[in-house]
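Visitor: Below you'll find my_file.tsv; it's TSV, C-alpha atoms and all ligand atoms.
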```
chain	number	residue	atom	x	y	z
Q	1	MET	CA	100.63	103.02	67.21
Q	2	LEU	CA	103.13	100.48	65.83
Q	3	SER	CA	102.71	96.76	66.42
Q	4	LEU	CA	105.11	95.46	69.04
Q	5	SER	CA	107.25	93.54	66.53
Q	6	SER	CA	107.68	96.66	64.32
Q	7	TYR	CA	108.33	98.78	67.40
Q	8	LEU	CA	111.06	96.41	68.62
Q	9	LYS	CA	112.75	96.71	65.21
Q	10	VAL	CA	112.78	100.50	65.00
Q	11	MET	CA	113.36	101.49	68.62
Q	12	THR	CA	116.48	103.58	69.11
Q	13	ASP	CA	118.35	105.21	71.93
Q	14	THR	CA	120.41	108.32	71.12
Q	15	TYR	CA	122.96	110.64	72.76
Q	16	ARG	CA	120.18	113.18	73.09
Q	17	HIS	CA	118.12	110.70	75.12
Q	18	LYS	CA	121.19	109.91	77.24
Q	19	GLY	CA	121.70	113.61	77.96
Q	20	LEU	CA	118.05	114.01	78.91
Q	21	ARG	CA	118.20	111.17	81.41
Q	22	ARG	CA	121.37	112.52	82.98
Q	23	LYS	CA	119.36	115.70	83.58
Q	24	LEU	CA	116.47	113.64	84.96
Q	25	ALA	CA	118.85	112.00	87.46
Q	26	GLU	CA	119.94	115.49	88.55
Q	27	VAL	CA	116.30	116.48	89.05
Q	28	LEU	CA	115.71	113.38	91.20
Q	29	ALA	CA	118.85	114.10	93.25
Q	30	LYS	CA	117.52	117.63	93.89
Q	31	LYS	CA	114.19	116.15	95.00
Q	32	GLY	CA	116.04	114.10	97.63
Q	33	ILE	CA	117.13	110.80	96.06
Q	34	LYS	CA	120.56	109.99	97.50
Q	35	ASP	CA	121.33	106.40	96.49
Q	36	ASN	CA	123.92	106.64	93.71
Q	37	ALA	CA	123.12	103.19	92.36
Q	38	VAL	CA	119.50	104.31	91.86
Q	39	LEU	CA	120.56	107.53	90.13
Q	40	THR	CA	122.94	105.55	87.90
Q	41	ALA	CA	120.12	103.18	86.94
Q	42	ILE	CA	117.97	106.18	85.94
Q	43	THR	CA	120.90	107.50	83.86
Q	44	GLU	CA	121.32	104.13	82.10
Q	45	ILE	CA	117.79	102.99	81.30
Q	46	PRO	CA	116.10	104.27	78.09
Q	47	ARG	CA	112.75	105.14	79.73
Q	48	HIS	CA	111.27	106.37	76.44
Q	49	LEU	CA	111.36	102.83	75.07
Q	50	PHE	CA	109.08	101.64	77.89
Q	51	ILE	CA	106.33	104.01	76.74
Q	52	PRO	CA	104.39	102.31	73.91
Q	53	ASP	CA	103.13	105.53	72.27
Q	54	ASN	CA	106.03	107.02	70.24
Q	55	ALA	CA	104.33	110.42	70.31
Q	56	LEU	CA	105.08	110.58	74.04
Q	57	HIS	CA	108.77	109.70	73.72
Q	58	LYS	CA	109.83	113.32	73.63
Q	59	TYR	CA	108.39	113.80	77.14
Q	60	ALA	CA	109.78	110.56	78.57
Q	61	TYR	CA	112.51	112.26	80.61
Q	62	GLU	CA	110.16	114.62	82.38
Q	63	ASP	CA	109.47	113.52	85.94
Q	64	LYS	CA	105.91	112.43	85.13
Q	65	PRO	CA	103.79	109.28	84.73
Q	66	PHE	CA	102.50	108.41	81.22
Q	67	PRO	CA	99.81	106.07	79.88
Q	68	ILE	CA	101.01	102.60	78.82
Q	69	GLY	CA	97.67	101.09	77.70
Q	70	SER	CA	95.11	98.93	79.54
Q	71	GLY	CA	94.25	102.03	81.63
Q	72	GLN	CA	97.64	101.85	83.40
Q	73	THR	CA	100.63	104.18	83.70
Q	74	ILE	CA	104.40	104.01	83.86
Q	75	SER	CA	105.18	105.43	87.32
Q	76	GLN	CA	106.79	108.83	87.76
Q	77	PRO	CA	110.61	108.45	87.90
Q	78	TYR	CA	110.72	110.09	91.35
Q	79	THR	CA	108.30	107.47	92.68
Q	80	VAL	CA	110.34	104.63	91.15
Q	81	ALA	CA	113.55	106.05	92.60
Q	82	PHE	CA	111.94	106.68	96.02
Q	83	GLN	CA	110.58	103.12	96.31
Q	84	THR	CA	113.83	101.57	95.06
Q	85	GLU	CA	115.91	103.58	97.53
Q	86	LEU	CA	113.65	102.44	100.39
Q	87	LEU	CA	114.31	98.79	99.53
Q	88	GLU	CA	118.05	99.15	100.36
Q	89	LEU	CA	118.93	96.47	97.82
Q	90	LYS	CA	122.03	94.32	97.88
Q	91	PRO	CA	123.14	92.43	94.75
Q	92	ARG	CA	121.59	88.97	94.28
Q	93	GLN	CA	118.72	89.50	96.72
Q	94	LYS	CA	115.40	87.98	95.65
Q	95	VAL	CA	112.84	90.70	95.03
Q	96	LEU	CA	109.12	90.34	94.34
Q	97	GLU	CA	107.49	93.16	92.36
Q	98	ILE	CA	103.71	93.52	92.20
Q	99	GLY	CA	102.58	95.44	89.08
Q	100	THR	CA	105.10	94.89	86.27
Q	101	GLY	CA	103.33	97.40	84.01
Q	102	SER	CA	105.78	98.82	81.46
Q	103	GLY	CA	108.74	97.00	83.05
Q	104	PHE	CA	110.60	100.23	83.83
Q	105	GLN	CA	110.69	99.63	87.59
Q	106	THR	CA	111.69	96.02	86.82
Q	107	ALA	CA	114.65	97.32	84.77
Q	108	VAL	CA	115.70	99.62	87.62
Q	109	LEU	CA	115.68	96.64	90.00
Q	110	LEU	CA	117.71	94.57	87.52
Q	111	GLU	CA	120.28	97.37	87.19
Q	112	MET	CA	120.68	97.13	90.99
Q	113	GLY	CA	121.87	93.55	90.53
Q	114	VAL	CA	118.97	91.74	92.21
Q	115	LYS	CA	116.84	88.79	91.07
Q	116	VAL	CA	113.37	89.96	90.13
Q	117	PHE	CA	110.07	88.06	90.20
Q	118	SER	CA	107.33	90.34	88.90
Q	119	ILE	CA	103.55	89.86	88.63
Q	120	GLU	CA	101.14	91.71	86.31
Q	121	ARG	CA	97.38	91.19	86.15
Q	122	GLN	CA	96.80	92.78	82.73
Q	123	LYS	CA	97.52	90.18	80.06
Q	124	ALA	CA	98.37	92.72	77.34
Q	125	LEU	CA	100.96	94.46	79.54
Q	126	TYR	CA	102.42	91.15	80.71
Q	127	GLU	CA	102.81	89.98	77.08
Q	128	ARG	CA	104.35	93.23	75.90
Q	129	THR	CA	106.85	93.59	78.74
Q	130	LYS	CA	107.85	89.93	78.45
Q	131	GLN	CA	109.02	90.68	74.90
Q	132	LEU	CA	110.37	94.16	75.52
Q	133	LEU	CA	112.78	93.42	78.39
Q	134	PRO	CA	114.94	90.82	76.56
Q	135	ASN	CA	115.09	93.19	73.58
Q	136	LEU	CA	116.61	95.79	75.89
Q	137	ASN	CA	119.11	93.18	77.05
Q	138	TYR	CA	117.40	92.31	80.32
Q	139	LYS	CA	117.60	88.59	79.68
Q	140	THR	CA	118.65	87.09	82.99
Q	141	ASN	CA	117.66	87.34	86.66
Q	142	CYS	CA	114.10	88.19	85.74
Q	143	LYS	CA	110.91	86.11	85.79
Q	144	LEU	CA	107.59	87.66	84.79
Q	145	PHE	CA	104.21	86.21	85.78
Q	146	TYR	CA	100.64	86.86	84.69
Q	147	GLY	CA	98.57	86.64	87.84
Q	148	ASP	CA	97.17	88.23	90.96
Q	149	GLY	CA	99.68	90.18	93.00
Q	150	TYR	CA	97.56	89.96	96.17
Q	151	LYS	CA	98.57	86.30	96.34
Q	152	GLY	CA	102.29	86.85	95.70
Q	153	LEU	CA	104.30	83.85	94.50
Q	154	PRO	CA	104.27	81.19	97.24
Q	155	THR	CA	106.33	78.78	95.10
Q	156	TYR	CA	109.28	81.18	94.96
Q	157	ALA	CA	109.00	82.62	98.50
Q	158	PRO	CA	110.55	83.81	100.73
Q	159	PHE	CA	111.64	87.15	99.26
Q	160	TYR	CA	114.16	89.50	100.78
Q	161	LYS	CA	112.31	92.50	99.44
Q	162	ILE	CA	108.79	93.11	98.09
Q	163	ILE	CA	107.71	96.21	96.19
Q	164	VAL	CA	104.10	97.02	95.30
Q	165	THR	CA	103.71	99.56	92.49
Q	166	ALA	CA	99.92	100.07	92.67
Q	167	GLY	CA	97.81	101.64	95.43
Q	168	ALA	CA	96.68	98.91	97.85
Q	169	PRO	CA	93.44	99.20	99.87
Q	170	TYR	CA	95.16	97.21	102.65
Q	171	ILE	CA	98.39	95.26	103.20
Q	172	PRO	CA	97.93	91.79	101.67
Q	173	GLU	CA	98.53	89.08	104.29
Q	174	ASP	CA	100.11	86.74	101.71
Q	175	LEU	CA	102.83	89.29	100.95
Q	176	LEU	CA	103.75	89.60	104.64
Q	177	LYS	CA	103.93	85.79	104.84
Q	178	GLN	CA	106.23	85.59	101.80
Q	179	LEU	CA	108.70	88.11	103.20
Q	180	LYS	CA	111.93	86.77	104.69
Q	181	ILE	CA	112.61	87.64	108.34
Q	182	GLY	CA	114.71	90.80	108.23
Q	183	GLY	CA	113.19	91.63	104.83
Q	184	THR	CA	111.34	94.76	103.71
Q	185	LEU	CA	107.99	95.42	102.03
Q	186	VAL	CA	107.50	98.80	100.36
Q	187	ILE	CA	103.84	99.46	99.63
Q	188	PRO	CA	101.60	102.50	98.99
Q	189	VAL	CA	98.40	102.08	101.05
Q	190	ASP	CA	95.14	103.99	100.43
Q	191	GLU	CA	94.43	107.01	102.55
Q	192	GLY	CA	91.51	108.83	100.91
Q	193	ASP	CA	92.40	110.00	97.39
Q	194	SER	CA	96.09	109.17	97.68
Q	195	GLN	CA	98.33	106.53	99.17
Q	196	ARG	CA	100.70	106.60	102.12
Q	197	MET	CA	104.05	104.99	101.29
Q	198	LYS	CA	104.86	102.43	103.96
Q	199	LYS	CA	108.12	100.64	104.66
Q	200	ILE	CA	107.48	97.48	106.63
Q	201	VAL	CA	110.31	95.39	108.08
Q	202	LYS	CA	109.60	91.81	109.16
Q	203	LEU	CA	111.19	91.34	112.58
Q	204	SER	CA	109.77	87.85	113.22
Q	205	GLU	CA	106.91	85.70	111.86
Q	206	THR	CA	104.45	87.81	113.86
Q	207	ASN	CA	106.21	91.09	114.50
Q	208	PHE	CA	106.51	93.93	111.96
Q	209	GLN	CA	107.92	97.42	112.18
Q	210	THR	CA	106.12	100.00	110.03
Q	211	GLU	CA	107.42	103.37	108.94
Q	212	ASP	CA	104.88	105.80	107.44
Q	213	LEU	CA	106.33	108.05	104.74
Q	214	THR	CA	104.89	110.64	102.36
Q	215	LEU	CA	101.75	110.53	100.20
Q	216	PHE	CA	101.80	109.42	96.53
Q	217	ARG	CA	99.22	108.83	93.83
Q	218	PHE	CA	99.09	105.38	92.20
Q	219	VAL	CA	96.66	103.48	89.98
Q	220	PRO	CA	94.76	100.98	92.17
Q	221	LEU	CA	95.91	97.47	93.02
Q	222	LEU	CA	92.94	95.53	91.63
Q	223	LYS	CA	91.36	92.22	92.54
Q	224	GLU	CA	91.07	89.45	89.92
Q	225	LYS	CA	92.92	89.32	86.63
Q	226	GLY	CA	92.22	91.76	83.81
Q	227	ARG	CA	89.97	90.44	81.06
Q	228	ASP	CA	91.82	91.78	78.00
B	301	LIG	N1	106.01	99.63	87.81
B	301	LIG	C1	105.07	99.90	86.77
B	301	LIG	C2	103.82	100.47	87.39
B	301	LIG	C3	102.63	100.29	86.57
B	301	LIG	S1	101.16	100.88	87.31
B	301	LIG	C4	105.64	100.88	85.77
B	301	LIG	O1	106.30	101.82	86.18
B	301	LIG	O2	105.40	100.75	84.56
B	301	LIG	C5	100.69	99.51	88.32
B	301	LIG	C6	100.57	98.18	87.65
B	301	LIG	O3	100.00	97.26	88.58
B	301	LIG	C7	99.64	98.17	86.44
B	301	LIG	O4	100.32	97.64	85.35
B	301	LIG	C8	98.48	97.28	86.87
B	301	LIG	O5	97.90	96.53	85.82
B	301	LIG	C9	99.16	96.38	87.89
B	301	LIG	N2	98.25	95.75	88.85
B	301	LIG	C10	97.11	96.24	89.39
B	301	LIG	N3	96.56	95.34	90.24
B	301	LIG	C11	97.37	94.24	90.23
B	301	LIG	C12	97.35	92.98	90.88
B	301	LIG	N4	96.38	92.63	91.72
B	301	LIG	N5	98.35	92.11	90.62
B	301	LIG	C13	99.37	92.42	89.77
B	301	LIG	N6	99.44	93.59	89.12
B	301	LIG	C14	98.47	94.50	89.34
```
Taking this structure as input, can you express it in the form of structure tokens?
Ligand code: SAH

Guide:
Amino acid sequence: MLSLSSYLKVMTDTYRHKGLRRKLAEVLAKKGIKDNAVLTAITEIPRHLFIPDNALHKYAYEDKPFPIGSGQTISQPYTVAFQTELLELKPRQKVLEIGTGSGFQTAVLLEMGVKVFSIERQKALYERTKQLLPNLNYKTNCKLFYGDGYKGLPTYAPFYKIIVTAGAPYIPEDLLKQLKIGGTLVIPVDEGDSQRMKKIVKLSETNFQTEDLTLFRFVPLLKEKGRD
């Protein structure tokens, strides 16, 4: 695999890639994604460049997850689109993302015009994505943090929307606290081998409305920072 600095120099996006992602957006629409802004983001973002292993680039527009190093994966495009649609984003809203990973979901959020605060617990992924995003022209409205997503970002709270992109064993109390009243948390919560997607709306400091959606499969939301 290329070093990141060499990779950043040689990475290219072509008309062929653009065609493939237009097809991917069509696939997602057929699977039930309706939000046009989400489908447009999928059509715009060069997903292949978020996958560190060049050998996998030719598969990048299949609706599948792929390894990104540190034992983690870039989420399946359908999952990214599904979670983003659930957030019902409005431009300029403050959004907290737990699990930056490759930065692909982060880029989708940025394309929706919101302000993103994103936390990653694997140092290597945090470092890589911090360099990759500005190279893909995502230079503003985005702050990346190396830390523990269970704790959220109290200094920057409250957030209008919070999205968790790893399977959580339970709903972290700190994330509920950091949600604005009227705001939404989208989080996959463990249920045996897979996770139930939940959409939680904060009605008041103590009152939440939860909607249980379909099952997904995520890598786990882990305690403590990674040691790499
Ligand atoms: N949205 C990312 C998803 C990556 S997978 C993408 O599509 O590329 C989930 C990510 O959550 C992994 O990068 C993993 O390292 C990270 N993660 C796991 N536990 C975490 C925690 N407690 N805090 C922050 N990030 C965490």

Visitor: If you count all atoms listed in the file, which residues fall within 10 Å of region 154-157 of chain Q, apart from same-chain ones fewer than 4 positions away, as a list in words?

Guide: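 That gives Lys94, Val95, Leu96, Phe117, Asp174, Leu175, Lys177, Gln178, Leu179 and Lys180 of chain Q.
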
Visitor: Which protein, DNA or RNA residues have an atom within 9 Å of ligand LIG 301 (chain B), counting all atoms listed in the file, as a VMD selection string?

Guide: chain Q and resid 50 to 51 65 to 66 68 to 77 79 to 80 97 to 106 118 to 123 125 to 126 145 to 152 164 to 168 218 to 226

Visitor: Record the distance separating CA of Val10 (chain Q) and CA of Tyr138 (chain Q), expressed in Å with one decimal.

Guide: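 Here the two named atoms are 18.0 Å from each other.
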
Visitor: From the list Q:Asn135, Q:Asn36, Q:Thr43, Q:Ser3, which residue is nearest Tyr15 (chain Q) when using only C-alpha atoms?

Guide: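 Residue with the minimum atom-to-atom distance to Tyr15 (chain Q): Q:Thr43.
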
Visitor: So which residues touch Gly192 (chain Q) within 12 Å, counting only C-alpha atoms, skipping near sequence neighbours fewer than 4 positions away, as a PyMOL selection string?

Guide: chain Q and resi 167-169+196+215-217

Visitor: Rank nothing, just name the residue among Q:Leu20, Q:Leu28, Q:Leu136, Q:Val38 nearest to Tyr59 (chain Q), using all atoms listed in the file.

Guide: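 Closest to Tyr59 (chain Q), using all atoms listed in the file: Q:Leu20.
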
Visitor: Using all atoms listed in the file, find the one residue out of Q:Lys23, Q:Arg128, Q:Lys139, Q:Lys202 that sits nearest to Pro52 (chain Q).

Guide: Q:Arg128

Visitor: Let me make sure I understand: among Q:Asn54, Q:Thr84, Q:Thr129, Q:Thr12, which one has the smallest atom-to-atom distance to Ile163 (chain Q) if we use all atoms listed in the file?

Guide: Q:Thr84

Visitor: Give the centre and edge lengths of an axis-aligned box, in Å to one decimal, that holds all listed atoms of region 85-102 of chain Q with 8 Å on each side, as AutoDock Vina command-line options.

Guide:
```
--center_x 112.9 --center_y 95.8 --center_z 90.9 --size_x 36.6 --size_y 31.6 --size_z 34.9
```

Visitor: Quick one: of Q:Leu133, Q:Pro188, Q:Leu213, Q:Glu127, who's nearest to Leu49 (chain Q), counting only C-alpha atoms?

Guide: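 Smallest separation from Leu49 (chain Q) among the options: Q:Leu133.
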
Visitor: Quick one: distance from CA of Leu87 (chain Q) to CA of Ile187 (chain Q) in Å, one decimal?

Guide: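 CA of Ile187 (chain Q) lies 10.5 Å from CA of Leu87 (chain Q).
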
Visitor: Have a look at Q:Ile171, Q:Ala37, Q:Val108, Q:Val116 and name the one nearest to Val189 (chain Q); count all atoms listed in the file.

Guide: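 Result for the nearest residue to Val189 (chain Q): Q:Ile171.
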